[in-house]
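Visitor: start19.txt is reproduced below (compact mmCIF, C-alpha atoms).
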# COMPACT_ATOMS: atom_id res chain seq x y z
CA MET Y 60 0.00 0.00 0.00
CA ILE Y 61 2.93 2.37 0.65
CA PRO Y 62 3.73 4.07 -2.67
CA HIS Y 63 7.25 3.83 -4.07
CA ASP Y 64 7.24 7.23 -5.69
CA PRO Y 65 8.99 9.48 -3.16
CA GLU Y 66 6.62 12.39 -3.70
CA GLU Y 67 3.52 10.26 -3.22
CA ARG Y 68 5.16 8.79 -0.18
CA ARG Y 69 5.85 12.24 1.22
CA ALA Y 70 2.21 13.28 0.72
CA LEU Y 71 1.00 10.10 2.41
CA ILE Y 72 3.25 10.79 5.38
CA GLY Y 73 1.81 14.31 5.53
CA GLU Y 74 -1.69 12.86 5.68
CA TYR Y 75 -0.59 10.44 8.38
CA LEU Y 76 0.85 13.26 10.51
CA LEU Y 77 -2.39 15.21 10.18
CA GLY Y 78 -4.20 12.16 11.53
CA LEU Y 79 -6.13 11.60 8.32
CA LEU Y 80 -5.37 7.94 7.60
CA ASP Y 81 -7.57 5.05 8.65
CA GLU Y 82 -6.03 2.66 11.12
CA PRO Y 83 -4.73 -0.08 8.78
CA GLU Y 84 -2.98 2.48 6.59
CA ALA Y 85 -1.76 4.50 9.57
CA ALA Y 86 -0.20 1.34 11.03
CA GLU Y 87 1.68 0.79 7.76
CA VAL Y 88 3.06 4.31 7.80
CA ARG Y 89 4.04 3.99 11.48
CA GLN Y 90 6.00 0.88 10.64
CA LEU Y 91 7.61 2.61 7.68
CA LEU Y 92 8.69 5.53 9.88
CA ASP Y 93 10.23 3.08 12.34
CA GLU Y 94 12.20 1.22 9.71
CA ASP Y 95 13.03 3.71 6.99
CA GLU Y 96 15.26 6.67 7.80
CA GLN Y 97 14.33 8.50 4.63
CA ALA Y 98 10.66 8.31 5.62
CA ALA Y 99 11.47 9.44 9.17
CA ARG Y 100 13.27 12.44 7.66
CA MET Y 101 10.26 13.28 5.52
CA ALA Y 102 8.04 13.17 8.61
CA LEU Y 103 10.27 15.53 10.59
CA ASP Y 104 10.44 17.78 7.57
CA TRP Y 105 6.65 18.07 7.48
CA GLU Y 106 6.59 18.65 11.24
CA ARG Y 107 9.20 21.38 10.91
CA HIS Y 108 6.99 23.19 8.40
CA PHE Y 109 3.91 22.63 10.57
CA LEU Y 110 5.70 24.47 13.42
CA GLU Y 111 4.93 27.63 11.51
CA LEU Y 112 1.21 26.93 11.97
CA SER Y 113 1.63 25.97 15.64
CA ASP Y 114 3.40 29.23 16.26
CA ARG Y 115 0.32 31.14 15.11
CA LEU Y 116 -1.41 29.91 18.27
CA PRO Y 117 -0.92 31.69 21.59
CA ALA Y 118 1.15 29.65 24.04
CA GLN Y 119 -0.74 28.55 27.17
CA VAL Y 120 0.65 28.36 30.68
CA PRO Y 121 0.35 24.82 32.07
CA SER Y 122 -1.00 24.37 35.61
CA PRO Y 123 1.85 24.65 38.08
CA ALA Y 124 1.16 21.09 39.25
CA LEU Y 125 1.77 19.57 35.82
CA TRP Y 126 5.56 19.62 35.97
CA LEU Y 127 5.49 17.83 39.34
CA ARG Y 128 3.08 15.29 37.89
CA ILE Y 129 5.44 14.59 34.99
CA ARG Y 130 8.41 14.16 37.34
CA ARG Y 131 6.38 11.88 39.56
CA SER Y 132 5.29 9.73 36.63
CA LEU Y 133 8.93 9.35 35.64
CA GLY Y 134 10.06 8.61 39.20
CA LEU Y 135 12.28 11.71 39.19
CA HIS Y 136 11.20 13.08 42.57
CA ALA Y 137 14.55 12.49 44.28
CA GLU Y 138 16.34 15.65 43.18
CA ARG Y 139 19.51 15.04 45.20
CA ARG Y 140 22.69 13.89 43.56
CA PRO Y 141 22.95 10.18 44.26
CA SER Y 142 26.75 10.09 44.71
CA ALA Y 143 26.69 12.67 47.50
CA LEU Y 144 23.81 10.84 49.10
CA GLY Y 145 25.69 7.54 48.82
CA ASN Y 146 28.74 8.97 50.54
CA TRP Y 147 26.65 10.38 53.31
CA TRP Y 148 24.82 7.08 53.74
CA ASN Y 149 28.11 5.22 54.15
CA SER Y 150 29.76 7.64 56.52
CA LEU Y 151 29.84 6.63 60.15
CA LEU Y 152 30.66 10.17 61.24
CA ALA Y 153 27.62 11.46 59.41
CA TRP Y 154 25.47 8.93 61.19
CA ARG Y 155 26.84 9.96 64.57
CA LEU Y 156 26.27 13.64 63.77
CA THR Y 157 22.78 12.88 62.51
CA ALA Y 158 21.96 11.02 65.69
CA ALA Y 159 23.20 13.95 67.76
CA VAL Y 160 21.22 16.46 65.71
CA LEU Y 161 18.10 14.33 65.94
CA ALA Y 162 18.47 14.08 69.69
CA VAL Y 163 18.73 17.85 70.03
CA ALA Y 164 15.81 18.36 67.64
CA LEU Y 165 13.69 15.98 69.66
CA LEU Y 166 14.57 17.82 72.86
CA VAL Y 167 13.68 21.15 71.26
CA ALA Y 168 10.46 19.78 69.85
CA VAL Y 169 9.40 18.56 73.25
CA LEU Y 170 10.52 21.60 75.21
CA LEU Y 171 9.72 24.45 72.87
CA PRO Y 172 5.93 24.31 73.08
CA LEU Y 173 6.31 24.68 76.83
CA LEU Y 174 8.46 27.77 76.41
CA ARG Y 175 6.84 29.58 73.51
CA SER Y 176 3.55 30.36 71.84
CA PRO Y 177 2.24 27.46 69.81
CA ASP Y 178 2.86 28.77 66.26
CA ILE Y 179 6.34 27.33 65.78
CA ALA Y 180 5.42 25.72 62.48
CA GLY Y 181 4.96 28.93 60.51
CA GLN Y 182 3.13 32.20 60.36
CA ARG Y 183 -0.46 32.53 59.26
CA TYR Y 184 -1.46 35.21 56.77
CA THR Y 185 -4.66 36.75 55.50
CA VAL Y 186 -5.12 38.60 52.23
CA VAL Y 187 -8.27 40.45 51.25
CA LEU Y 188 -8.40 40.78 47.47
CA GLN Y 189 -10.15 43.98 46.47
CA GLN Y 190 -11.00 45.65 43.21
CA PRO Y 191 -8.28 48.11 42.32
CA GLY Y 192 -9.15 51.79 42.53
CA GLU Y 193 -11.36 53.73 44.81
CA ALA Y 194 -14.34 51.40 45.01
CA ALA Y 195 -12.11 48.75 46.61
CA GLN Y 196 -14.88 46.19 46.86
CA PRO Y 197 -13.55 43.02 48.50
CA GLY Y 198 -14.10 40.05 46.20
CA TRP Y 199 -11.97 37.19 47.49
CA VAL Y 200 -10.14 36.31 50.67
CA ILE Y 201 -6.99 34.25 51.04
CA GLN Y 202 -5.87 32.44 54.15
CA VAL Y 203 -2.44 30.89 54.46
CA GLY Y 204 -2.34 28.33 57.25
CA SER Y 205 0.63 27.67 59.52
CA ASP Y 206 1.46 24.64 57.37
CA GLY Y 207 1.72 26.96 54.34
CA THR Y 208 -1.46 25.73 52.64
CA LEU Y 209 -3.32 28.47 50.82
CA GLN Y 210 -7.09 28.70 50.79
CA LEU Y 211 -8.75 31.10 48.36
CA ASP Y 212 -12.45 31.79 48.99
CA PRO Y 213 -14.85 33.91 46.92
CA LEU Y 214 -16.96 36.56 48.58
CA VAL Y 215 -18.77 37.32 45.35
CA ALA Y 216 -19.72 35.30 42.26
CA ASP Y 217 -17.84 36.98 39.41
CA GLN Y 218 -19.33 37.01 35.94
CA VAL Y 219 -16.52 35.93 33.65
CA PRO Y 220 -17.22 36.67 29.97
CA GLU Y 221 -17.35 33.79 27.50
CA GLY Y 222 -13.88 32.77 26.35
CA ARG Y 223 -12.16 34.39 29.33
CA ALA Y 224 -10.71 33.00 32.53
CA LEU Y 225 -9.58 34.19 35.94
CA GLN Y 226 -5.90 33.64 36.65
CA PHE Y 227 -4.31 33.79 40.08
CA TRP Y 228 -0.85 35.35 40.56
CA THR Y 229 1.57 36.24 43.28
CA LEU Y 230 4.51 38.62 43.27
CA VAL Y 231 7.35 37.86 45.64
CA ASP Y 232 10.25 39.64 44.01
CA PRO Y 233 9.40 42.53 41.66
CA ALA Y 234 12.61 41.82 39.75
CA GLU Y 235 11.42 38.30 39.04
CA GLY Y 236 7.88 39.33 38.08
CA PRO Y 237 4.56 37.73 38.96
CA ARG Y 238 4.27 33.96 39.17
CA SER Y 239 1.11 32.17 38.03
CA LEU Y 240 -0.67 30.07 40.63
CA GLY Y 241 -3.06 28.71 38.02
CA LEU Y 242 -6.60 29.34 36.88
CA VAL Y 243 -9.46 30.03 39.26
CA GLU Y 244 -13.13 29.32 38.68
CA ALA Y 245 -15.42 32.22 39.44
CA GLY Y 246 -17.26 31.73 42.72
CA LYS Y 247 -15.36 28.53 43.56
CA PRO Y 248 -12.87 28.12 46.41
CA LEU Y 249 -9.37 26.88 45.66
CA ARG Y 250 -6.85 25.14 47.87
CA LEU Y 251 -3.15 25.09 46.98
CA PRO Y 252 -0.43 23.10 48.77
CA ALA Y 253 2.48 24.84 50.47
CA GLU Y 254 5.05 23.63 47.94
CA GLN Y 255 3.19 25.37 45.16
CA ILE Y 256 3.06 28.68 47.02
CA GLY Y 257 6.49 28.82 48.62
CA ALA Y 258 7.08 30.76 51.81
CA VAL Y 259 4.69 33.69 52.10
CA GLN Y 260 6.00 37.00 53.42
CA ALA Y 261 4.14 39.90 54.97
CA GLY Y 262 3.27 42.40 52.24
CA GLN Y 263 3.43 39.81 49.46
CA LEU Y 264 1.15 40.72 46.57
CA PHE Y 265 -1.61 38.45 45.24
CA GLU Y 266 -3.92 39.24 42.35
CA LEU Y 267 -6.58 37.86 40.04
CA THR Y 268 -6.52 38.95 36.41
CA LEU Y 269 -8.91 38.45 33.52
CA GLU Y 270 -7.18 36.39 30.83
CA PRO Y 271 -8.03 34.54 27.64
CA ALA Y 272 -9.55 31.08 28.20
CA GLY Y 273 -6.74 28.80 29.28
CA GLY Y 274 -4.77 31.59 30.90
CA SER Y 275 -2.34 34.29 29.88
CA PRO Y 276 -0.31 33.42 26.79
CA TYR Y 277 2.75 34.83 28.53
CA ASP Y 278 4.44 34.04 31.82
CA ARG Y 279 3.00 37.26 33.21
CA PRO Y 280 -0.52 38.72 33.36
CA SER Y 281 -1.81 39.94 30.00
CA GLY Y 282 -5.27 41.15 31.04
CA PRO Y 283 -6.73 43.65 33.53
CA VAL Y 284 -6.35 43.20 37.30
CA LEU Y 285 -9.75 42.40 38.82
CA TYR Y 286 -8.67 41.96 42.45
CA ILE Y 287 -5.49 42.69 44.29
CA GLY Y 288 -4.27 42.55 47.87
CA ARG Y 289 -1.26 42.13 50.15
CA ALA Y 290 -0.59 39.50 52.77
CA VAL Y 291 -0.92 40.61 56.37
CA LEU Y 292 0.19 38.57 59.34
CA ALA Y 293 -2.81 37.00 61.01
CA SER Y 294 -2.84 37.39 64.78
CA ALA Y 295 -1.58 34.30 66.60
CA ASN Y 296 -4.72 32.42 67.55
CA MET P 295 7.19 31.80 19.99
CA ALA P 296 10.11 29.84 18.61
CA ASP P 297 13.26 30.99 20.31
CA ARG P 298 15.98 30.81 17.72
CA ASP P 299 18.65 30.68 20.38
CA PHE P 300 17.27 27.62 22.11
CA ASP P 301 19.20 24.56 21.01
CA TYR P 302 16.54 21.84 20.89
CA GLU P 303 18.86 19.25 19.38
CA SER P 304 21.52 19.51 22.08
CA THR P 305 18.84 19.68 24.77
CA LEU P 306 17.31 16.42 23.57
CA GLU P 307 20.75 14.81 23.43
CA ALA P 308 21.32 15.94 27.01
CA CYS P 309 17.95 14.42 27.97
CA ALA P 310 19.09 11.18 26.36
CA ARG P 311 22.07 11.23 28.75
CA GLY P 312 19.68 11.60 31.69
CA ASP P 313 20.28 15.32 32.26
CA GLU P 314 17.23 16.41 34.26
CA ARG P 315 18.15 20.08 33.99
CA ALA P 316 17.99 19.88 30.22
CA PHE P 317 14.61 18.21 30.54
CA GLN P 318 13.37 21.01 32.73
CA ALA P 319 14.77 23.63 30.33
CA LEU P 320 12.91 21.94 27.49
CA TYR P 321 9.71 21.98 29.52
CA ARG P 322 10.11 25.68 30.29
CA GLN P 323 10.80 26.42 26.68
CA GLU P 324 8.19 24.34 24.93
CA ALA P 325 5.36 23.39 27.31
CA GLY P 326 3.51 26.66 26.60
CA PRO P 327 3.43 26.38 22.79
CA LEU P 328 2.66 22.64 23.00
CA LEU P 329 -0.23 23.28 25.35
CA GLY P 330 -1.52 26.00 23.03
CA LEU P 331 -1.63 23.49 20.17
CA ALA P 332 -3.22 20.76 22.31
CA ILE P 333 -5.96 23.11 23.52
CA SER P 334 -6.62 24.25 19.96
CA MET P 335 -7.10 20.64 18.85
CA LEU P 336 -8.96 19.26 21.86
CA GLY P 337 -10.90 22.34 22.88
CA ARG P 338 -10.43 21.29 26.50
CA ARG P 339 -7.69 22.27 28.87
CA ASP P 340 -7.83 19.23 31.16
CA LEU P 341 -7.38 16.72 28.33
CA ALA P 342 -4.78 18.95 26.73
CA GLU P 343 -2.75 18.91 29.95
CA ASP P 344 -3.07 15.11 30.10
CA CYS P 345 -1.65 14.90 26.59
CA LEU P 346 1.13 17.32 27.49
CA HIS P 347 1.96 15.14 30.49
CA ASP P 348 2.07 12.00 28.36
CA ALA P 349 4.16 13.74 25.70
CA PHE P 350 6.83 14.87 28.18
CA VAL P 351 6.93 11.45 29.81
CA ARG P 352 7.49 9.98 26.36
CA ILE P 353 10.09 12.60 25.43
CA TRP P 354 12.18 11.74 28.48
CA GLN P 355 11.82 8.00 28.01
CA HIS P 356 12.55 8.07 24.28
CA ALA P 357 15.06 10.90 24.01
CA THR P 358 17.71 8.32 23.05
CA ARG P 359 15.74 7.67 19.86
CA TYR P 360 16.07 11.23 18.66
CA ARG P 361 18.88 11.78 16.14
CA ARG P 362 19.72 15.21 14.88
CA ASP P 363 20.60 13.90 11.43
CA LEU P 364 16.92 12.97 11.00
CA GLY P 365 15.68 16.50 11.52
CA SER P 366 14.71 19.33 13.83
CA GLY P 367 14.50 18.62 17.55
CA ARG P 368 11.59 20.97 18.00
CA ALA P 369 9.71 19.21 15.20
CA TRP P 370 10.37 15.88 16.93
CA VAL P 371 8.94 17.19 20.21
CA HIS P 372 5.85 18.54 18.46
CA SER P 373 5.29 15.28 16.58
CA ILE P 374 5.18 13.44 19.90
CA LEU P 375 2.54 15.76 21.31
CA ARG P 376 0.48 15.71 18.12
CA TYR P 377 0.40 11.93 18.13
CA ARG P 378 -0.93 11.90 21.68
CA VAL P 379 -3.58 14.51 20.95
CA LEU P 380 -4.74 12.67 17.83
CA ASN P 381 -5.03 9.45 19.84
CA ALA P 382 -7.13 11.23 22.45
CA LEU P 383 -9.38 12.65 19.72
CA ARG P 384 -9.75 9.31 17.95
CA SER P 385 -10.58 7.49 21.16
CA GLY P 386 -13.73 9.52 21.45
CA HIS P 387 -12.71 12.79 23.02
CA ARG P 388 -14.34 14.94 20.40
CA HIS P 389 -14.20 18.56 21.36
CA ALA P 390 -17.22 20.81 21.34
CA GLU P 391 -17.86 22.88 18.24
CA VAL P 392 -15.39 25.70 18.36
CA ASP P 393 -15.18 28.98 16.63
CA ASP P 394 -13.17 28.51 13.45
CA ASP P 395 -12.73 32.19 12.68
CA PHE P 396 -9.19 31.78 13.80
CA ILE P 397 -8.49 29.40 10.95
CA GLU P 398 -9.87 31.88 8.47
CA ARG P 399 -7.49 34.50 9.80
CA VAL P 400 -4.44 32.37 10.33
CA LEU P 401 -2.83 33.26 7.04
CA ASP P 402 -3.47 36.98 7.43
CA ASP P 403 -0.42 38.89 8.34
CA SER P 404 -0.93 40.73 11.57
CA PRO P 405 1.69 43.38 12.41
CA GLN P 406 3.06 41.04 15.05
CA ALA P 407 3.37 38.24 12.52
CA GLU P 408 5.07 40.61 10.12
CA ALA P 409 7.71 41.49 12.66
CA GLN P 410 8.28 37.82 13.31
CA ALA P 411 8.42 37.16 9.59
CA LEU P 412 11.12 39.75 9.04
CA GLU P 413 13.16 38.09 11.69
CA GLN P 414 12.91 34.63 10.22
CA SER P 415 11.91 34.85 6.62
CA GLU P 416 12.41 31.20 5.75
CA GLN P 417 10.03 30.41 8.58
CA ARG P 418 7.16 31.86 6.56
CA LEU P 419 7.56 29.36 3.80
CA LEU P 420 4.63 27.10 4.66
CA ARG P 421 2.23 29.99 5.09
CA ARG P 422 3.31 31.51 1.80
CA CYS P 423 2.73 28.17 0.11
CA LEU P 424 -0.66 27.77 1.81
CA GLN P 425 -1.65 31.22 0.64
CA ARG P 426 -1.02 30.11 -2.92
CA LEU P 427 -3.43 27.19 -2.57
CA GLU P 428 -7.02 27.95 -3.42
CA ARG P 429 -9.28 27.93 -0.40
CA PRO P 430 -11.09 24.61 -1.07
CA ARG P 431 -7.74 22.82 -0.88
CA ARG P 432 -6.26 24.90 1.87
CA TYR P 433 -9.08 25.05 4.39
CA PRO P 434 -9.47 21.28 4.95
CA ILE P 435 -5.74 21.01 5.63
CA LEU P 436 -5.98 23.75 8.25
CA LEU P 437 -9.02 22.10 9.83
CA ALA P 438 -7.05 18.88 10.13
CA PHE P 439 -4.05 20.68 11.58
CA TYR P 440 -5.73 22.97 14.11
CA ARG P 441 -8.74 20.88 15.03
CA GLY P 442 -7.50 17.35 14.41
CA LEU P 443 -10.60 16.53 12.33
CA THR P 444 -10.90 13.33 10.27
CA HIS P 445 -11.81 13.27 6.58
CA GLU P 446 -15.42 12.45 7.53
CA GLN P 447 -15.65 15.29 10.02
CA ILE P 448 -14.18 17.78 7.55
CA ALA P 449 -16.60 16.60 4.85
CA ARG P 450 -19.52 17.05 7.22
CA ARG P 451 -18.34 20.42 8.44
CA LEU P 452 -17.93 21.74 4.90
CA SER P 453 -20.98 19.89 3.50
CA THR P 454 -18.80 18.40 0.78
CA PRO P 455 -18.73 14.76 -0.37
CA LEU P 456 -16.13 12.64 1.41
CA GLY P 457 -14.36 11.62 -1.81
CA THR P 458 -14.01 15.24 -2.86
CA ILE P 459 -12.47 16.19 0.48
CA LYS P 460 -9.99 13.30 0.36
CA GLY P 461 -8.96 14.27 -3.17
CA ARG P 462 -8.58 17.94 -2.29
CA ILE P 463 -6.46 17.27 0.76
CA ARG P 464 -4.15 14.93 -1.11
CA ALA P 465 -3.83 17.33 -4.03
CA GLY P 466 -3.32 20.19 -1.59
CA LEU P 467 -0.52 18.38 0.20
CA ARG P 468 1.14 17.50 -3.12
CA ALA P 469 1.00 21.14 -4.20
CA LEU P 470 2.34 22.21 -0.80
CA GLN P 471 5.33 19.92 -0.90
CA GLU P 472 6.19 21.06 -4.39
CA CYS P 473 6.04 24.68 -3.28
CA LEU P 474 8.05 23.93 -0.12
CA GLN P 475 10.82 22.29 -2.09
CA ALA P 476 10.90 24.83 -4.88
Please go through the file and, once you have read it, give me the structure as structure tokens.
Guide:
Amino acid sequence: MIPHDPEERRALIGEYLLGLLDEPEAAEVRQLLDEDEQAARMALDWERHFLELSDRLPAQVPSPALWLRIRRSLGLHAERRPSALGNWWNSLLAWRLTAAVLAVALLVAVLLPLLRSPDIAGQRYTVVLQQPGEAAQPGWVIQVGSDGTLQLDPLVADQVPEGRALQFWTLVDPAEGPRSLGLVEAGKPLRLPAEQIGAVQAGQLFELTLEPAGGSPYDRPSGPVLYIGRAVLASAN
Amino acid sequence: MADRDFDYESTLEACARGDERAFQALYRQEAGPLLGLAISMLGRRDLAEDCLHDAFVRIWQHATRYRRDLGSGRAWVHSILRYRVLNALRSGHRHAEVDDDFIERVLDDSPQAEAQALEQSEQRLLRRCLQRLERPRRYPILLAFYRGLTHEQIARRLSTPLGTIKGRIRAGLRALQECLQA
């Protein structure tokens, strides 16, 4: 079924890449691409030209959790260099030091609550997100727990126009620019784990912007700010 | 969106050696454009992210199969995503009817596209060749590319007999490859 004429073959491969072949024929082309370097070259050549069409589409920011999910699927979560870890594992001195450190830590853990207020784990923060400008209507409220978990709750049900989305951002370092915390559904609460937020500081900026469906095409907000607010330290208990 | 300074080929070769930093650099560089394409084809962000996940898992596991003498590294990465998206579409995840105005406008030259074109003139080749195709041959190819439609779906969408659509797409692709190689 695969034509011998190179130009017909090239067109057939183009159709295959566009997903236009029925399964028996597609299977033949797949096999051809596996076995025949010339055919594999033709396929990459088509794909290289198709990039021009892909690049007409706005890029979309993936959910922050997606990268972690990919790493987890690949079993890449251990980010430490194995050789250093191996050395440490085999060192008797390291074990003795570790035991000593653990003993002290245990002592501190047991004693500290008796000596200090209970919030040793981390600070709690509140952010009221308000409309920018004079009206300053509060629209959402954020609470960061002592374990660093962030809870975003709506106070109003926003009307998001068709084809638009709300995107959640935070700004830690102005030099670095805002960081996306993902898309938010109007009127729906959102909970984000500590590792996605990082350590929150007093005065840290959070905002919700109106973006194209799927989120800003850039790694920064592209649409108007709907709500904005800064983190304030919540009183201990 | 293509960053001319990003070396996809060397990055993939580094991935093949197990370099996780290269893998992360590739993700930072290309996840956005790939997700844009997947959302265009699937019309749904959740499925598009699933496909992006599967594509990057595959890229890491199969990076050793990539060879720069076979072609562009970026093209290789995109082919992996496209394959996953097409599989998702063919296994029943048909997206809702979407607005196809975009496809009508895709060959227009916006000022932004013009600036990009000046920068990389050979990059405009496919669009120039598509512009030379008459619309009945061009449009079905764009529907297949941006929406992942089958022959049958394109025929239905354009209210044109299936055989006619098949013939036009094949003739269109033949004309395109001639133009691309001219």
Visitor: Contacts of Leu135 (chain Y) at 12 Å or less, counting all atoms listed in the file, minus same-chain residues fewer than 3 places along, as a PyMOL selection string?
Guide: (chain Y and resi 126-132+138-141) or (chain P and resi 312-315+317-318+351+354-355)
Visitor: Take the residues that were just selected and, keeping C-alpha atoms, output them as a compact mmCIF listing (two decimals), in the coordinates of the input.
Guide:
# COMPACT_ATOMS: atom_id res chain seq x y z
CA TRP Y 126 5.56 19.62 35.97
CA LEU Y 127 5.49 17.83 39.34
CA ARG Y 128 3.08 15.29 37.89
CA ILE Y 129 5.44 14.59 34.99
CA ARG Y 130 8.41 14.16 37.34
CA ARG Y 131 6.38 11.88 39.56
CA SER Y 132 5.29 9.73 36.63
CA GLU Y 138 16.34 15.65 43.18
CA ARG Y 139 19.51 15.04 45.20
CA ARG Y 140 22.69 13.89 43.56
CA PRO Y 141 22.95 10.18 44.26
CA GLY P 312 19.68 11.60 31.69
CA ASP P 313 20.28 15.32 32.26
CA GLU P 314 17.23 16.41 34.26
CA ARG P 315 18.15 20.08 33.99
CA PHE P 317 14.61 18.21 30.54
CA GLN P 318 13.37 21.01 32.73
CA VAL P 351 6.93 11.45 29.81
CA TRP P 354 12.18 11.74 28.48
CA GLN P 355 11.82 8.00 28.01
Visitor: Just the number, please: distance in Å from CA of Leu320 (chain P) to CA of Arg418 (chain P), one decimal.
Guide: 23.9 Å
Visitor: Can you write out as a Markdown table which residues of chain Y fall within 6 Å of chain P, alongside each residue's closest atom pair and its distance in Å to one decimal, counting all atoms listed in the file and ordering rows by chain and ascending residue number?
Guide:
| residue | atom | partner | partner_atom | distance |
| --- | --- | --- | --- | --- |
| Y:Ala70 | CA | P:Arg468 | CA | 5.8 |
| Y:Leu77 | CA | P:Phe439 | CA | 5.9 |
| Y:Leu79 | CA | P:Thr444 | CA | 5.4 |
| Y:Arg100 | CA | P:Leu364 | CA | 5.0 |
| Y:Leu103 | CA | P:Gly365 | CA | 5.6 |
| Y:Glu106 | CA | P:Ala369 | CA | 5.1 |
| Y:Arg107 | CA | P:Ala369 | CA | 4.8 |
| Y:His108 | CA | P:Leu420 | CA | 5.9 |
| Y:Asp114 | CA | P:Met295 | CA | 5.9 |
| Y:Pro117 | CA | P:Gly330 | CA | 5.9 |
| Y:Ala118 | CA | P:Pro327 | CA | 4.2 |
| Y:Gln119 | CA | P:Gly326 | CA | 4.7 |
| Y:Val120 | CA | P:Gly326 | CA | 5.3 |
| Y:Ile129 | CA | P:His347 | CA | 5.7 |
Visitor: What does the distance from CA of Pro83 (chain Y) to CA of Arg68 (chain Y) come to in Å, to one decimal?
Guide: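 Distance between the two atoms: 16.0 Å.
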Visitor: For a test of reading the model, state the distance in Å between CA of Arg378 (chain P) and CA of Ala124 (chain Y), rounded to one decimal.
Guide: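 If I compute the distance from CA of Arg378 (chain P) to CA of Ala124 (chain Y), I get 19.9 Å.
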Visitor: Return the single residue from Y:Gly262, Y:Gly134, Y:Pro123, Y:Gly192 that is closest to Ala293 (chain Y), with distances computed using only C-alpha atoms.
Guide: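 That would be Y:Gly262, the residue with the smallest distance to Ala293 (chain Y).
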